[in-house]
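What follows is a set of notes on a single structure, which appears directly below.
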Amino acid sequence: MSVLRFGYVTGPLLGALWMVVLSVTVAIAMSFATGDPVRPNMSVSLLWGAVVGYLASQRLGGTPGRAIAAGALILLTLFEVGPLDFGPAASIWTRASAAAILAIAFVWSLYTILDDVAKGPLTRHEFEGAVIRFLTGFGYIFFTAIVLIPFYVMVMTSLKNQSELIQNPLDFSVDLSRGTELFRSYNELFTQFNFGTYLFNSFFISVLTVFITLAFAIPGAYAVARLRFRGQTAFSRSILLIYMVPMIVLALPIYIAFSMTGLRNSFWGIVMIYPVTTIPVALYMLQGYFRGLPAEIEEAGLMDGLSRLAVIWKITLPLSLPALASVSLYVFMIAWNEFLLAFMLLDDPSKFTLTRGIASLNSSEIPRQHLMAGSVIATVPIMAIFLGLERFMTKGLTAGSVKG
């Protein structure tokens, strides 16, 4: 195993970079949470990160050393010679909280990153392990921020009133003393903007889309996976070709055809067109799962006198529940979040889906917090369903990928 001669540099370098990552993260989080101006000081972050990184790589102090380093960073930050700079309007609570969170999170996580880094020269394994742990931590923070920051801004904006938004649009803190008045936008959406109807319409259409999709996808996927017929391979490989055609290209022909047949501005027109976009992906997902099921079980059922349909109903489908759950969830999410077709085909407010209803809020005459509240209403139910059924979706997507 080769030995790298820059062991003394690894700790300071990773410490400096890690301090920059955490100082930026804490500054953004505290600014959003409190509304006070907090920003990272890059040059100071690099300096103190390198110092603590060197101490961590040399195993100086152990647990007491970590506590001392964290305490020193807290004091330096409070006296504004640390990694964070505060505006004059920042409260002492904001300063103390930001300093404590940054110092404790940085010191303990950095010691974990540099856990295998020994004094002096490093082996390649030790160096790569430290770099991988650093990149893993950075990845968690980066992708979590991408997901949480827009959602946080959306929720906080929905809880504000018009005067607060006009006074400081970038203040994403919330005045809890307002009590139930915080949810005024949500109340007005249901009492004045008919959002209860939009929720029911979206749920009704999404559930119907799931049933119609499964009704066509199950026999189609089973036929491709089990039966032998001419063109089977070509059909199997061409299932997803429909996704090569952008929906925007089909928008005008669909609009014209539905207008001529009277299906525009109706539930049944939407229910007819949604499965067209979901059946191909459901077929593709289910055929892979059906191929992974042991054919001998179905053959035993046929030998016992069951018909092919009875075998599917009594044997194949019970064994395929994880795949059916994942496909149903995926199709439901597609139908719930679909916007283009609903925007194009629905004009009657009593028939709007949730996404179409949210689009109607995008007007200069409607307060911005109502649009954000509508977005929260559309996001939270599907997020809760996904998190509740995520284990079934994981099983359905991975099962059948390996036979035996």
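Chain lettering (A, B, ...) mirrors the order of the structure tokens, residue numbering begins at 1 for each chain separately, and ligand numbering begins at 1 in order of display.
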Would you pick out the contacts of region 15-20 of chain A at 6 Å or less, using only C-alpha atoms, so that residues sharing its chain but fewer than 4 positions from it are not included, and give the list as a list in words? Gly11, Ser45, Leu46, Gly49, Ala50 and Gly53 of chain A
List the neighbours of Met372 (chain A) out to 12 Å using only C-alpha atoms; skip same-chain residues closer than 2 positions along the sequence, and give me the result as a ChimeraX atom specification. /A:150-161,183,185-186,189,358-359,361-362,366-370,374-379
Output N, CA, C and O atoms for every residue in that selection, as a CSV table (one decimal), in the first residue's frame.
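File written: result04.csv
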```
chain,number,residue,atom,x,y,z
A,150,PRO,N,-36.5,25.5,-0.8
A,150,PRO,CA,-37.7,26.0,-1.5
A,150,PRO,C,-39.0,25.6,-0.7
A,150,PRO,O,-39.9,26.4,-0.6
A,151,PHE,N,-39.0,24.4,-0.1
A,151,PHE,CA,-40.2,24.1,0.7
A,151,PHE,C,-40.4,25.0,1.9
A,151,PHE,O,-41.5,25.4,2.2
A,152,TYR,N,-39.3,25.3,2.6
A,152,TYR,CA,-39.3,26.1,3.7
A,152,TYR,C,-39.8,27.5,3.4
A,152,TYR,O,-40.7,28.1,4.0
A,153,VAL,N,-39.3,28.1,2.3
A,153,VAL,CA,-39.7,29.4,1.8
A,153,VAL,C,-41.2,29.4,1.5
A,153,VAL,O,-41.9,30.3,1.8
A,154,MET,N,-41.6,28.3,0.8
A,154,MET,CA,-43.0,28.2,0.4
A,154,MET,C,-43.9,28.2,1.6
A,154,MET,O,-44.9,28.9,1.7
A,155,VAL,N,-43.6,27.4,2.7
A,155,VAL,CA,-44.4,27.3,3.9
A,155,VAL,C,-44.4,28.6,4.6
A,155,VAL,O,-45.5,29.1,5.0
A,156,MET,N,-43.2,29.2,4.8
A,156,MET,CA,-43.2,30.4,5.6
A,156,MET,C,-43.9,31.6,4.9
A,156,MET,O,-44.5,32.4,5.6
A,157,THR,N,-43.8,31.7,3.6
A,157,THR,CA,-44.5,32.7,2.9
A,157,THR,C,-46.0,32.5,3.0
A,157,THR,O,-46.7,33.5,3.1
A,158,SER,N,-46.5,31.3,3.0
A,158,SER,CA,-47.9,31.1,3.1
A,158,SER,C,-48.5,31.5,4.5
A,158,SER,O,-49.7,31.7,4.6
A,159,LEU,N,-47.6,31.6,5.5
A,159,LEU,CA,-48.0,31.9,6.8
A,159,LEU,C,-48.0,33.4,7.1
A,159,LEU,O,-48.3,33.9,8.2
A,160,LYS,N,-47.6,34.2,6.2
A,160,LYS,CA,-47.4,35.7,6.4
A,160,LYS,C,-48.7,36.4,5.9
A,160,LYS,O,-49.5,35.9,5.1
A,161,ASN,N,-48.8,37.7,6.3
A,161,ASN,CA,-49.8,38.5,5.7
A,161,ASN,C,-49.2,39.5,4.7
A,161,ASN,O,-48.0,39.5,4.5
A,183,PHE,N,-52.8,30.9,9.8
A,183,PHE,CA,-53.4,30.1,8.8
A,183,PHE,C,-54.5,30.7,8.0
A,183,PHE,O,-55.4,30.1,7.5
A,185,SER,N,-54.5,32.4,5.2
A,185,SER,CA,-54.4,32.1,3.8
A,185,SER,C,-55.1,30.7,3.4
A,185,SER,O,-55.8,30.6,2.5
A,186,TYR,N,-54.8,29.7,4.3
A,186,TYR,CA,-55.4,28.4,4.1
A,186,TYR,C,-56.9,28.4,4.2
A,186,TYR,O,-57.6,27.8,3.4
A,189,LEU,N,-58.5,30.0,1.2
A,189,LEU,CA,-58.4,29.1,0.0
A,189,LEU,C,-59.6,28.2,0.0
A,189,LEU,O,-60.2,27.9,-1.1
A,358,ILE,N,-54.3,26.0,-8.6
A,358,ILE,CA,-53.1,26.8,-8.2
A,358,ILE,C,-52.7,27.7,-9.3
A,358,ILE,O,-52.3,28.9,-9.0
A,359,ALA,N,-52.7,27.3,-10.5
A,359,ALA,CA,-52.4,28.2,-11.6
A,359,ALA,C,-53.3,29.4,-11.7
A,359,ALA,O,-52.9,30.5,-12.0
A,361,LEU,N,-54.4,31.0,-9.2
A,361,LEU,CA,-54.0,31.9,-8.2
A,361,LEU,C,-52.8,32.8,-8.6
A,361,LEU,O,-52.5,33.8,-7.9
A,362,ASN,N,-52.2,32.5,-9.7
A,362,ASN,CA,-51.0,33.3,-10.1
A,362,ASN,C,-51.5,34.5,-10.8
A,362,ASN,O,-51.4,34.7,-12.1
A,366,ILE,N,-54.4,38.5,-6.6
A,366,ILE,CA,-54.4,37.6,-5.5
A,366,ILE,C,-53.1,37.7,-4.7
A,366,ILE,O,-52.1,37.6,-5.3
A,367,PRO,N,-53.2,37.8,-3.4
A,367,PRO,CA,-51.9,37.9,-2.6
A,367,PRO,C,-51.0,36.7,-2.9
A,367,PRO,O,-51.5,35.5,-3.1
A,368,ARG,N,-49.7,36.9,-2.8
A,368,ARG,CA,-48.7,35.9,-3.1
A,368,ARG,C,-48.8,34.8,-2.1
A,368,ARG,O,-48.5,33.6,-2.4
A,369,GLN,N,-49.2,35.1,-0.8
A,369,GLN,CA,-49.2,34.0,0.2
A,369,GLN,C,-50.3,33.0,-0.1
A,369,GLN,O,-50.2,31.8,0.3
A,370,HIS,N,-51.3,33.4,-0.9
A,370,HIS,CA,-52.3,32.4,-1.2
A,370,HIS,C,-51.8,31.4,-2.2
A,370,HIS,O,-52.1,30.2,-2.2
A,374,GLY,N,-51.5,27.4,-1.5
A,374,GLY,CA,-52.0,26.4,-2.5
A,374,GLY,C,-51.0,25.4,-2.8
A,374,GLY,O,-51.3,24.2,-3.0
A,375,SER,N,-49.7,25.8,-3.0
A,375,SER,CA,-48.7,24.9,-3.3
A,375,SER,C,-48.4,24.0,-2.2
A,375,SER,O,-48.1,22.8,-2.4
A,376,VAL,N,-48.5,24.5,-0.9
A,376,VAL,CA,-48.3,23.6,0.2
A,376,VAL,C,-49.4,22.5,0.3
A,376,VAL,O,-49.2,21.3,0.5
A,377,ILE,N,-50.6,22.9,0.0
A,377,ILE,CA,-51.8,22.0,0.0
A,377,ILE,C,-51.6,20.9,-1.0
A,377,ILE,O,-51.9,19.7,-0.8
A,378,ALA,N,-51.0,21.3,-2.2
A,378,ALA,CA,-50.8,20.3,-3.2
A,378,ALA,C,-49.6,19.4,-2.9
A,378,ALA,O,-49.6,18.2,-3.3
A,379,THR,N,-48.6,19.9,-2.2
A,379,THR,CA,-47.4,19.1,-1.9
A,379,THR,C,-47.5,18.2,-0.8
A,379,THR,O,-47.0,17.0,-0.8
```
Grab the CA of Ser320 (chain A) to CA of Ala295 (chain A) distance for me, in Å with one decimal place.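 Computed distance, CA of Ser320 (chain A) to CA of Ala295 (chain A), equals 13.2 Å.
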Excluding same-chain residues fewer than 6 positions from region 35-43 of chain A, what lies within 10 Å of it counting only C-alpha atoms, as a ChimeraX atom specification? /A:16-17,19-29,49,80-91,94-95,98,168,170-174
Any chance you can output those residues with N, CA and C atoms as a CSV table (one decimal), in the first residue's frame?
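Below is the file selection_7.csv, written as the result:
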```csv
chain,number,residue,atom,x,y,z
A,16,ALA,N,-10.5,23.3,6.5
A,16,ALA,CA,-10.9,24.6,5.9
A,16,ALA,C,-12.1,24.5,5.0
A,17,LEU,N,-12.1,23.5,4.1
A,17,LEU,CA,-13.2,23.3,3.2
A,17,LEU,C,-14.5,23.0,4.0
A,19,MET,N,-15.3,23.9,7.0
A,19,MET,CA,-15.8,25.1,7.7
A,19,MET,C,-16.5,26.0,6.8
A,20,VAL,N,-16.0,26.1,5.5
A,20,VAL,CA,-16.7,26.9,4.5
A,20,VAL,C,-18.1,26.4,4.3
A,21,VAL,N,-18.2,25.0,4.1
A,21,VAL,CA,-19.5,24.4,3.8
A,21,VAL,C,-20.5,24.7,5.0
A,22,LEU,N,-20.0,24.5,6.2
A,22,LEU,CA,-20.9,24.6,7.4
A,22,LEU,C,-21.2,26.1,7.7
A,23,SER,N,-20.3,27.0,7.5
A,23,SER,CA,-20.6,28.4,7.8
A,23,SER,C,-21.6,28.9,6.8
A,24,VAL,N,-21.5,28.5,5.5
A,24,VAL,CA,-22.5,28.9,4.5
A,24,VAL,C,-23.9,28.3,4.9
A,25,THR,N,-23.9,27.1,5.3
A,25,THR,CA,-25.1,26.4,5.6
A,25,THR,C,-25.8,27.1,6.8
A,26,VAL,N,-25.0,27.3,7.9
A,26,VAL,CA,-25.6,27.9,9.1
A,26,VAL,C,-26.0,29.3,8.8
A,27,ALA,N,-25.3,30.1,8.1
A,27,ALA,CA,-25.7,31.4,7.8
A,27,ALA,C,-27.0,31.5,7.0
A,28,ILE,N,-27.2,30.7,6.0
A,28,ILE,CA,-28.4,30.6,5.3
A,28,ILE,C,-29.6,30.2,6.2
A,29,ALA,N,-29.3,29.1,6.9
A,29,ALA,CA,-30.4,28.6,7.8
A,29,ALA,C,-30.8,29.6,8.8
A,49,GLY,N,-10.9,26.9,10.1
A,49,GLY,CA,-11.1,25.5,9.7
A,49,GLY,C,-9.8,24.8,9.6
A,80,GLU,N,-17.3,38.4,16.8
A,80,GLU,CA,-17.2,38.8,15.4
A,80,GLU,C,-15.8,38.7,14.8
A,81,VAL,N,-15.0,37.7,15.3
A,81,VAL,CA,-13.7,37.4,14.7
A,81,VAL,C,-13.7,35.9,14.3
A,82,GLY,N,-14.9,35.4,14.2
A,82,GLY,CA,-15.1,34.0,13.8
A,82,GLY,C,-15.6,33.8,12.4
A,83,PRO,N,-16.1,32.6,12.0
A,83,PRO,CA,-16.5,32.3,10.7
A,83,PRO,C,-17.8,33.0,10.2
A,84,LEU,N,-18.6,33.7,11.1
A,84,LEU,CA,-19.8,34.3,10.8
A,84,LEU,C,-19.8,35.8,11.1
A,85,ASP,N,-20.4,36.6,10.2
A,85,ASP,CA,-20.6,38.0,10.4
A,85,ASP,C,-22.1,38.3,10.6
A,86,PHE,N,-22.4,39.1,11.5
A,86,PHE,CA,-23.8,39.5,11.8
A,86,PHE,C,-24.0,41.0,11.5
A,87,GLY,N,-25.2,41.2,11.0
A,87,GLY,CA,-25.5,42.6,10.8
A,87,GLY,C,-25.9,43.3,12.1
A,88,PRO,N,-25.9,44.6,12.1
A,88,PRO,CA,-26.2,45.3,13.4
A,88,PRO,C,-27.6,45.0,14.0
A,89,ALA,N,-28.5,44.6,13.1
A,89,ALA,CA,-29.8,44.3,13.6
A,89,ALA,C,-30.0,42.9,14.2
A,90,ALA,N,-29.0,42.1,14.1
A,90,ALA,CA,-29.0,40.7,14.6
A,90,ALA,C,-29.1,40.7,16.1
A,91,SER,N,-30.1,39.9,16.6
A,91,SER,CA,-30.3,39.8,18.1
A,91,SER,C,-29.2,39.0,18.7
A,94,THR,N,-29.9,35.3,18.1
A,94,THR,CA,-29.4,34.8,16.8
A,94,THR,C,-27.9,34.6,16.8
A,95,ARG,N,-27.1,35.5,17.4
A,95,ARG,CA,-25.7,35.4,17.4
A,95,ARG,C,-25.3,34.1,18.2
A,98,ALA,N,-26.4,30.8,16.4
A,98,ALA,CA,-25.6,30.5,15.2
A,98,ALA,C,-24.2,30.1,15.6
A,168,ASN,N,-40.8,43.3,4.1
A,168,ASN,CA,-39.5,42.6,3.9
A,168,ASN,C,-39.8,41.3,3.2
A,170,LEU,N,-37.8,39.2,1.9
A,170,LEU,CA,-36.8,38.2,2.2
A,170,LEU,C,-36.8,37.7,3.6
A,171,ASP,N,-37.7,38.2,4.5
A,171,ASP,CA,-37.7,37.7,5.8
A,171,ASP,C,-38.6,36.5,5.9
A,172,PHE,N,-38.1,35.4,6.1
A,172,PHE,CA,-38.8,34.1,6.2
A,172,PHE,C,-39.0,33.6,7.6
A,173,SER,N,-38.9,34.4,8.6
A,173,SER,CA,-39.3,34.1,9.9
A,173,SER,C,-40.8,34.3,10.1
A,174,VAL,N,-41.3,33.7,11.2
A,174,VAL,CA,-42.8,33.8,11.4
A,174,VAL,C,-43.0,34.3,12.8
```
